[in-house]
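Visitor: Next up is a structure, given as structure tokens.
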Amino acid sequence: MHIAVCIKEIPDPEIAPSLFRVDEEAKRVVPIPGMSPVISPFDEQAMEAALKIRDAMGEGADVRITALTIGAESARGIIKHVLALGADDAVMMSDPAFADSDSYSTAFALSKAIGKLGAVDLILTGRQAADLDAGVVGPGLAELLGVPAITFARKIDVVDGAVRVVRVLGDGSETVEAPLPAVVTVSHELGNVRNASLRETMRAAKKPVEAWAPSDIDVDAGDVGAAGARRSVERFYVPISDSTCEFIAGDGPQAIAGALAQRLVEEKIL
Amino acid sequence: MSTGDVLAVVELEEGAPTPLTLELIALAGTIAEAKGGKAIASCLGAQIEDGLGRELVAGGAAEVHTIANALHEPYQADAWLPDLMALIDEVGPTAILIPHTNAGADLAPRLAFRLGSSVVTGCVEVELGEEEIRFTRLCYGGVAREQLSFKSGPAVATIKAKSFDALPPDESRSGDVIARDSVVTPDQVRTRVVERNTERVVGVRLENANVIVAGGRGIGGPDGFSEAKELAEALDGAVGASRVACDLGWCPPGYQIGLSGKTVAPELYFALGISGAGQHMAGCGNAKTIVAINTDEDADIFASARFGVVGDCREILPHLVEEMRKIKG
């Protein structure tokens with residue numbers, strides 16, 4: 001069984017909103033010195049889901065996990081990370097032609113790369129990348145590959161050539177099955193991810209990482225990256241908050257609760 | 001081809017259009033008016049109740065296409081896409097609006113790519129240019145915004161709840177209701193829903209509540225949520241939570257408010273022990289009044305709050321319940 005996990009390098013989403021800055025002219029995030037980019041947490045959970053599937057198949061089962069990413073050369077860091085977690089090999093698409101992709105050109109390049117990998121049974125992605133939060137690449141990839149997609153997974157099992165997914169709904173969950181090959185996007189409800197094992201970390205340096213340019217996946221440079229994008233970014237900005245907070249103080253919790261209630265009544269909010 | 005028509009994809013809940021659907025239809029009307037077209041609603045379901053088409057017309061749709069097929073429920077992209085594609089082929093809309101829900105977020109990228117276009121997900125604002133339509137969405141965990149337009153093909157966007165106003169229903173509006181035959185066959189539907197566990201909400205629904213009492217890490221545990229429930233009940237409100245509190249298992253996942261949870265816009269929002277991360281504010285930023293209680297005076301939540309208390313919500317909450325009972329009693 002061959003599982004492809006699509007991962008993305010993003011600015012650390014834990015950055016305090018007060019430190020977050022954008023360059024409106026260049027339409028880019030201003031990097032914060034000393035803050036390293038990270039793997040998008042939902043993608044890390046997609047990796048965890050792949051490892052869980054391999055664990056469930058037991059020792060000796062033939063499960064190959066390939067990680068794929070489109071990103072700058074710095075994305076080698078997250079590739080090393082997933083290799084240390086247990087991925088078997090990886091593909092990096094760092095050619096400048098891939099830069100400034102939108103969801104479409106990203107999904108397009110990934111679909112061609114997956115095509116080149118050959119018989120991939122299961123493609124896993126995060127439910128969305130935790131930078132742009134769009135959630136388009138996963139289901140879009142399924143569309144381009146012509147395979148079914150199941151989104152927002154919190155549990156994934158592979159049984160008899162089919163995938164069985166517990167999918168998160170607004171008010172509960174549903175279990176959905178699809179024949180392989182299929183795309184599944186993973187939600188944070190999957191739970192905690194494991195740490196890299198010493199054994200895999202030692203082996204990681206020897207695992208093959210391929211660098212693919214557009215020609216390697218048989219596409220024109222004009223069909224990927226910014227050139228292949230189907231949307232234009234008109235503006236990128238941080239909205240300014242204009243609210244001011246009235247702080248309520250008092251002598252002990254009871255007095256504070258009383259003062260707060262009084263203000264809410266005075267302002268006709270209650 | 002650009003007709004100026006705008007298609008709103010209807011989402012049903014127990015046979016009736018969801019409030020978000022009616023917001024979508026109103027927005028479709030606004031865009032269509034500027035583009036010289038009309039608002040069209042597509043309504044897919046296992047069966048379409050009599051009167052549903054009229055309800056959508058009263059909500060602002062100039063044309064309603066109903067397509068009944070048992071395969072449409074529960075929602076699966078494979079069962080919806082062929083019928084929507086057939087309809088879109090025929091009407092050639094300039095823009096397609098889809099609810100930003102778990103089903104809509106699953107459907108929209110597939111539909112957009114099948115149409116050779118792209119998609120803006122979680123749209124909160126629309127600006128109408130001379131030619132293009134510009135859609136604004138939240139990104140970077142709700143901290144930043146991007147405004148996007150489409151290079152080609154119909155604009156496809158999922159619309160976030162409570163971002164646009166629905167029209168007051170008006171029975172005197174006129175519009176055509178057209179029942180179409182479904183083109184979907186069972187062999188096209190590769191996914192199969194084998195089980196469904198949905199919680200029936202007792203009391204006020206979170207999305208519709210006027211008052212919400214939401215707890216985060218600072219609420220301390222499941223007991224904090226019992227107390228939050230008392231406060232919510234005293235105010236005829238509902239209980240919500242941050243993602244952290246849900247992930248810790250202190251409350252059901254359905255309580256989650258934020259980017260990966262529910263979007264709410266109550267009159268009054270109590271944020272108890274919630275730091276105010278962008279991804280949470282993305283779900284409650286449209287609340288009219290936010291009251292924040294947090295031990296950390298530098299917490300980001302105070303930047304969005306109208307009233308703030310620097311203190312331990314676990315100590316203040318019981319007294320607040322008492323005060324509210326006095327006021328409401």
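Identifiers in the structure tokens: chain A, B, ... in order shown; residue index from 1 per chain; ligand index from 1 in order shown.
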Residues near Asp236 of chain B, anyone? I mean within 12 Å using only C-alpha atoms, not counting same-chain ones fewer than 2 positions away, as an MDAnalysis selection string.
Guide: (chainID A and resid 270) or (chainID B and resid 203:206 208:213 229:234 238:239 266 268 324:325 328:329)
Visitor: Could I get the residues of chain B with an atom no further than 6 Å from an atom of chain A, each paired with its nearest atom pair and that distance in Å to one decimal, using only C-alpha atoms, sorted by chain and residue number, as a tab-separated table?
Guide:
```
residue	atom	partner	partner_atom	distance
B:Pro109	CA	A:Gly140	CA	5.2
B:Arg110	CA	A:Gly140	CA	5.3
B:Ser118	CA	A:Arg230	CA	5.7
B:Thr121	CA	A:Ala134	CA	5.7
B:Cys139	CA	A:Leu132	CA	4.7
B:Tyr140	CA	A:Asp131	CA	4.5
B:Ala144	CA	A:Val238	CA	4.4
B:Arg145	CA	A:Tyr237	CA	5.4
B:Glu146	CA	A:Phe236	CA	4.4
B:Gln147	CA	A:Arg235	CA	4.9
B:Leu148	CA	A:Val233	CA	4.7
B:Ser149	CA	A:Ser232	CA	5.3
B:Phe150	CA	A:Arg231	CA	4.5
B:Lys151	CA	A:Arg231	CA	5.3
B:Arg190	CA	A:Ala178	CA	5.9
B:Thr191	CA	A:Ala178	CA	4.6
B:Arg192	CA	A:Glu177	CA	5.2
B:Val193	CA	A:Val176	CA	4.3
B:Val194	CA	A:Thr175	CA	5.6
B:Glu195	CA	A:Thr175	CA	5.0
B:Arg196	CA	A:Glu174	CA	4.1
B:Asn197	CA	A:Ser173	CA	5.3
B:Thr198	CA	A:Gly172	CA	4.2
B:Glu199	CA	A:Asp171	CA	5.8
B:Gly254	CA	A:Asp171	CA	5.3
B:Ala305	CA	A:Cys245	CA	5.4
B:Arg306	CA	A:Cys245	CA	4.5
B:Phe307	CA	A:Glu246	CA	4.8
B:Gly308	CA	A:Phe247	CA	4.6
B:Val309	CA	A:Ile248	CA	5.3
B:Ile316	CA	A:Pro253	CA	4.8
B:His319	CA	A:Gln254	CA	5.4
B:Leu320	CA	A:Ala257	CA	5.0
```
Visitor: Pull C-alpha atoms from the residues just selected and write them as a short mmCIF file (atom, residue, chain, number, x, y, z; two decimals), in the first residue's frame.
Guide:
```
data_model
loop_
_atom_site.label_atom_id
_atom_site.label_comp_id
_atom_site.auth_asym_id
_atom_site.auth_seq_id
_atom_site.Cartn_x
_atom_site.Cartn_y
_atom_site.Cartn_z
CA PRO B 109 -13.47 23.18 -4.42
CA ARG B 110 -14.70 20.19 -6.41
CA SER B 118 -11.05 28.69 -8.53
CA THR B 121 -13.66 29.91 0.91
CA CYS B 139 -6.65 34.00 6.77
CA TYR B 140 -3.71 33.42 9.11
CA ALA B 144 -5.32 38.84 8.44
CA ARG B 145 -7.65 39.27 5.50
CA GLU B 146 -7.15 38.79 1.81
CA GLN B 147 -9.29 40.19 -0.96
CA LEU B 148 -9.40 38.01 -4.06
CA SER B 149 -10.82 38.18 -7.56
CA PHE B 150 -11.10 35.61 -10.31
CA LYS B 151 -8.98 35.51 -13.44
CA ARG B 190 -18.37 6.46 -4.90
CA THR B 191 -18.68 7.43 -1.24
CA ARG B 192 -21.17 5.77 1.09
CA VAL B 193 -22.35 7.03 4.47
CA VAL B 194 -22.59 3.94 6.67
CA GLU B 195 -23.39 5.59 9.97
CA ARG B 196 -24.39 8.99 11.30
CA ASN B 197 -24.28 10.27 14.87
CA THR B 198 -25.69 13.71 15.29
CA GLU B 199 -26.55 15.31 18.57
CA GLY B 254 -20.12 20.67 18.88
CA ALA B 305 -13.97 43.13 24.29
CA ARG B 306 -16.23 45.98 25.35
CA PHE B 307 -16.06 44.97 29.01
CA GLY B 308 -13.13 43.22 30.61
CA VAL B 309 -12.30 41.73 33.97
CA ILE B 316 -16.29 35.22 39.40
CA HIS B 319 -21.38 35.26 41.56
CA LEU B 320 -22.21 36.26 38.01
#
```
Visitor: What's the 9 Å shell around segment 123-134 of chain B, counting only C-alpha atoms, without same-chain residues fewer than 3 positions away, as a list in words?
Guide: Glu234 of chain A; Leu27, Ile31, Ala34, Lys35, Ala95, His100, Val120, Arg137, Leu138, Gln147, Leu148, Ser149, Phe150, Lys151, Ala155, Ala157, Thr158, Ile159, Lys160, Ala161, Lys162, Ser163 and Phe164 of chain B
Visitor: Which residues come within 7 Å of Cys43 of chain B, counting only C-alpha atoms, excluding same-chain residues fewer than 2 positions away, as a PyMOL selection string?
Guide: chain B and resi 9-10+41+45+65-67
Visitor: Need to verify the contact set: Glu297 of chain B, 9 Å, only C-alpha atoms, exclusion of same-chain residues closer than 2 positions in sequence. Can you return it as an MDAnalysis selection string?
Guide: chainID B and resid 294:295 299:300 302 309:311
Visitor: Looking only at the backbone, which of the residues in segment 107-146 of chain A does DSSP tag as helix (DSSP H, G or I), as a list in words?
Guide: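 Listing helix (DSSP H, G or I) positions across segment 107-146 of chain A yields Ala107, Phe108, Ala109, Leu110, Ser111, Lys112, Ala113, Ile114, Gly115, Lys116, Leu117, Val137, Gly138, Pro139, Gly140, Leu141, Ala142, Glu143, Leu144 and Leu145 of chain A.
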Visitor: Go through segment 111-159 of chain A and collect every residue that DSSP, computed from the backbone, puts in strand (DSSP E or B); the answer should be as a short mmCIF file (atom, residue, chain, number, x, y, z; two decimals) with C-alpha atoms, in the first residue's frame.
Guide:
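Just written: states_34.cif:
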```cif
data_model
loop_
_atom_site.label_atom_id
_atom_site.label_comp_id
_atom_site.auth_asym_id
_atom_site.auth_seq_id
_atom_site.Cartn_x
_atom_site.Cartn_y
_atom_site.Cartn_z
CA LEU A 122 -4.40 6.94 -0.43
CA ILE A 123 -3.64 10.64 -0.47
CA LEU A 124 -3.78 12.49 2.86
CA THR A 125 -3.74 16.25 3.46
CA GLY A 126 -4.62 18.53 6.35
CA ALA A 149 -12.64 12.65 -1.41
CA ILE A 150 -13.65 12.50 2.22
CA THR A 151 -13.03 15.69 4.19
CA PHE A 152 -12.60 16.52 7.91
CA ALA A 153 -11.50 13.06 9.09
CA ARG A 154 -10.96 12.33 12.75
CA LYS A 155 -10.33 8.61 12.26
CA ILE A 156 -9.18 6.67 9.22
CA ASP A 157 -9.12 2.90 8.73
CA VAL A 158 -8.18 0.98 5.62
CA VAL A 159 -10.15 -2.24 5.18
#
```
Visitor: Pick out the residues sitting within 10 Å of Leu51 of chain A, and hand them over as a PyMOL selection string; count only C-alpha atoms, and ignore anything fewer than 5 positions along from it in its own chain.
Guide: chain A and resi 3+45-46+56-57+63-65+85-87+193-194
Visitor: Keeping only N, CA and C atoms, write the selected residues to a file as a CSV table (one decimal), in the first residue's frame.
Guide:
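Written output follows (again21.csv):
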```
chain,number,residue,atom,x,y,z
A,3,ILE,N,0.9,5.3,0.5
A,3,ILE,CA,0.2,6.5,1.0
A,3,ILE,C,1.0,7.8,0.7
A,45,GLN,N,-1.0,16.2,11.5
A,45,GLN,CA,-2.0,15.2,11.8
A,45,GLN,C,-2.3,14.2,10.7
A,46,ALA,N,-2.2,14.7,9.4
A,46,ALA,CA,-2.3,13.8,8.3
A,46,ALA,C,-1.2,12.8,8.3
A,56,ALA,N,-1.7,-0.1,12.2
A,56,ALA,CA,-2.8,-1.0,12.3
A,56,ALA,C,-2.7,-2.2,11.4
A,57,MET,N,-1.9,-2.0,10.3
A,57,MET,CA,-1.7,-3.1,9.4
A,57,MET,C,-0.6,-4.1,10.0
A,63,VAL,N,3.7,-1.1,3.7
A,63,VAL,CA,3.1,0.2,3.6
A,63,VAL,C,4.2,1.3,3.3
A,64,ARG,N,4.2,2.0,2.2
A,64,ARG,CA,5.1,3.0,1.9
A,64,ARG,C,4.5,4.4,2.1
A,65,ILE,N,5.1,5.2,2.8
A,65,ILE,CA,4.6,6.6,3.0
A,65,ILE,C,5.5,7.6,2.3
A,85,LEU,N,9.6,11.1,11.5
A,85,LEU,CA,8.4,10.5,12.1
A,85,LEU,C,8.2,9.2,11.6
A,86,GLY,N,8.7,8.9,10.3
A,86,GLY,CA,8.5,7.6,9.8
A,86,GLY,C,8.1,7.5,8.3
A,87,ALA,N,8.1,8.7,7.6
A,87,ALA,CA,7.9,8.6,6.2
A,87,ALA,C,9.0,7.9,5.5
A,193,VAL,N,-0.3,14.1,18.0
A,193,VAL,CA,0.7,13.4,17.1
A,193,VAL,C,1.9,12.9,17.9
A,194,ARG,N,2.5,11.9,17.4
A,194,ARG,CA,3.7,11.3,18.1
A,194,ARG,C,4.9,12.1,17.9
```
Visitor: I need the residue nearest Gly115 of chain A from this list: A:Lys80, A:Gly225, A:Pro31, A:Gly146. Use only C-alpha atoms for the distance.
Guide: A:Gly146
Visitor: Can you pull out the residues contacting Gly116 of chain B? Cut-off 7 Å, using only C-alpha atoms, and skip same-chain residues under 3 positions away; I want them as number ranges by chain.
Guide: B: 112-113, 153
Visitor: Counting only C-alpha atoms, which residue out of A:Pro214, A:Pro41, A:Gly228, A:Gly77 sits closest to Pro96 of chain A?
Guide: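 That would be A:Pro214, the residue with the smallest distance to Pro96 of chain A.
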Visitor: Ranking A:Lys206, A:Lys268, A:His2, A:Lys8 by minimum distance to Leu117 of chain A and counting only C-alpha atoms, which one comes first?
Guide: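 Among A:Lys206, A:Lys268, A:His2, A:Lys8, it is A:His2 that comes nearest to Leu117 of chain A.
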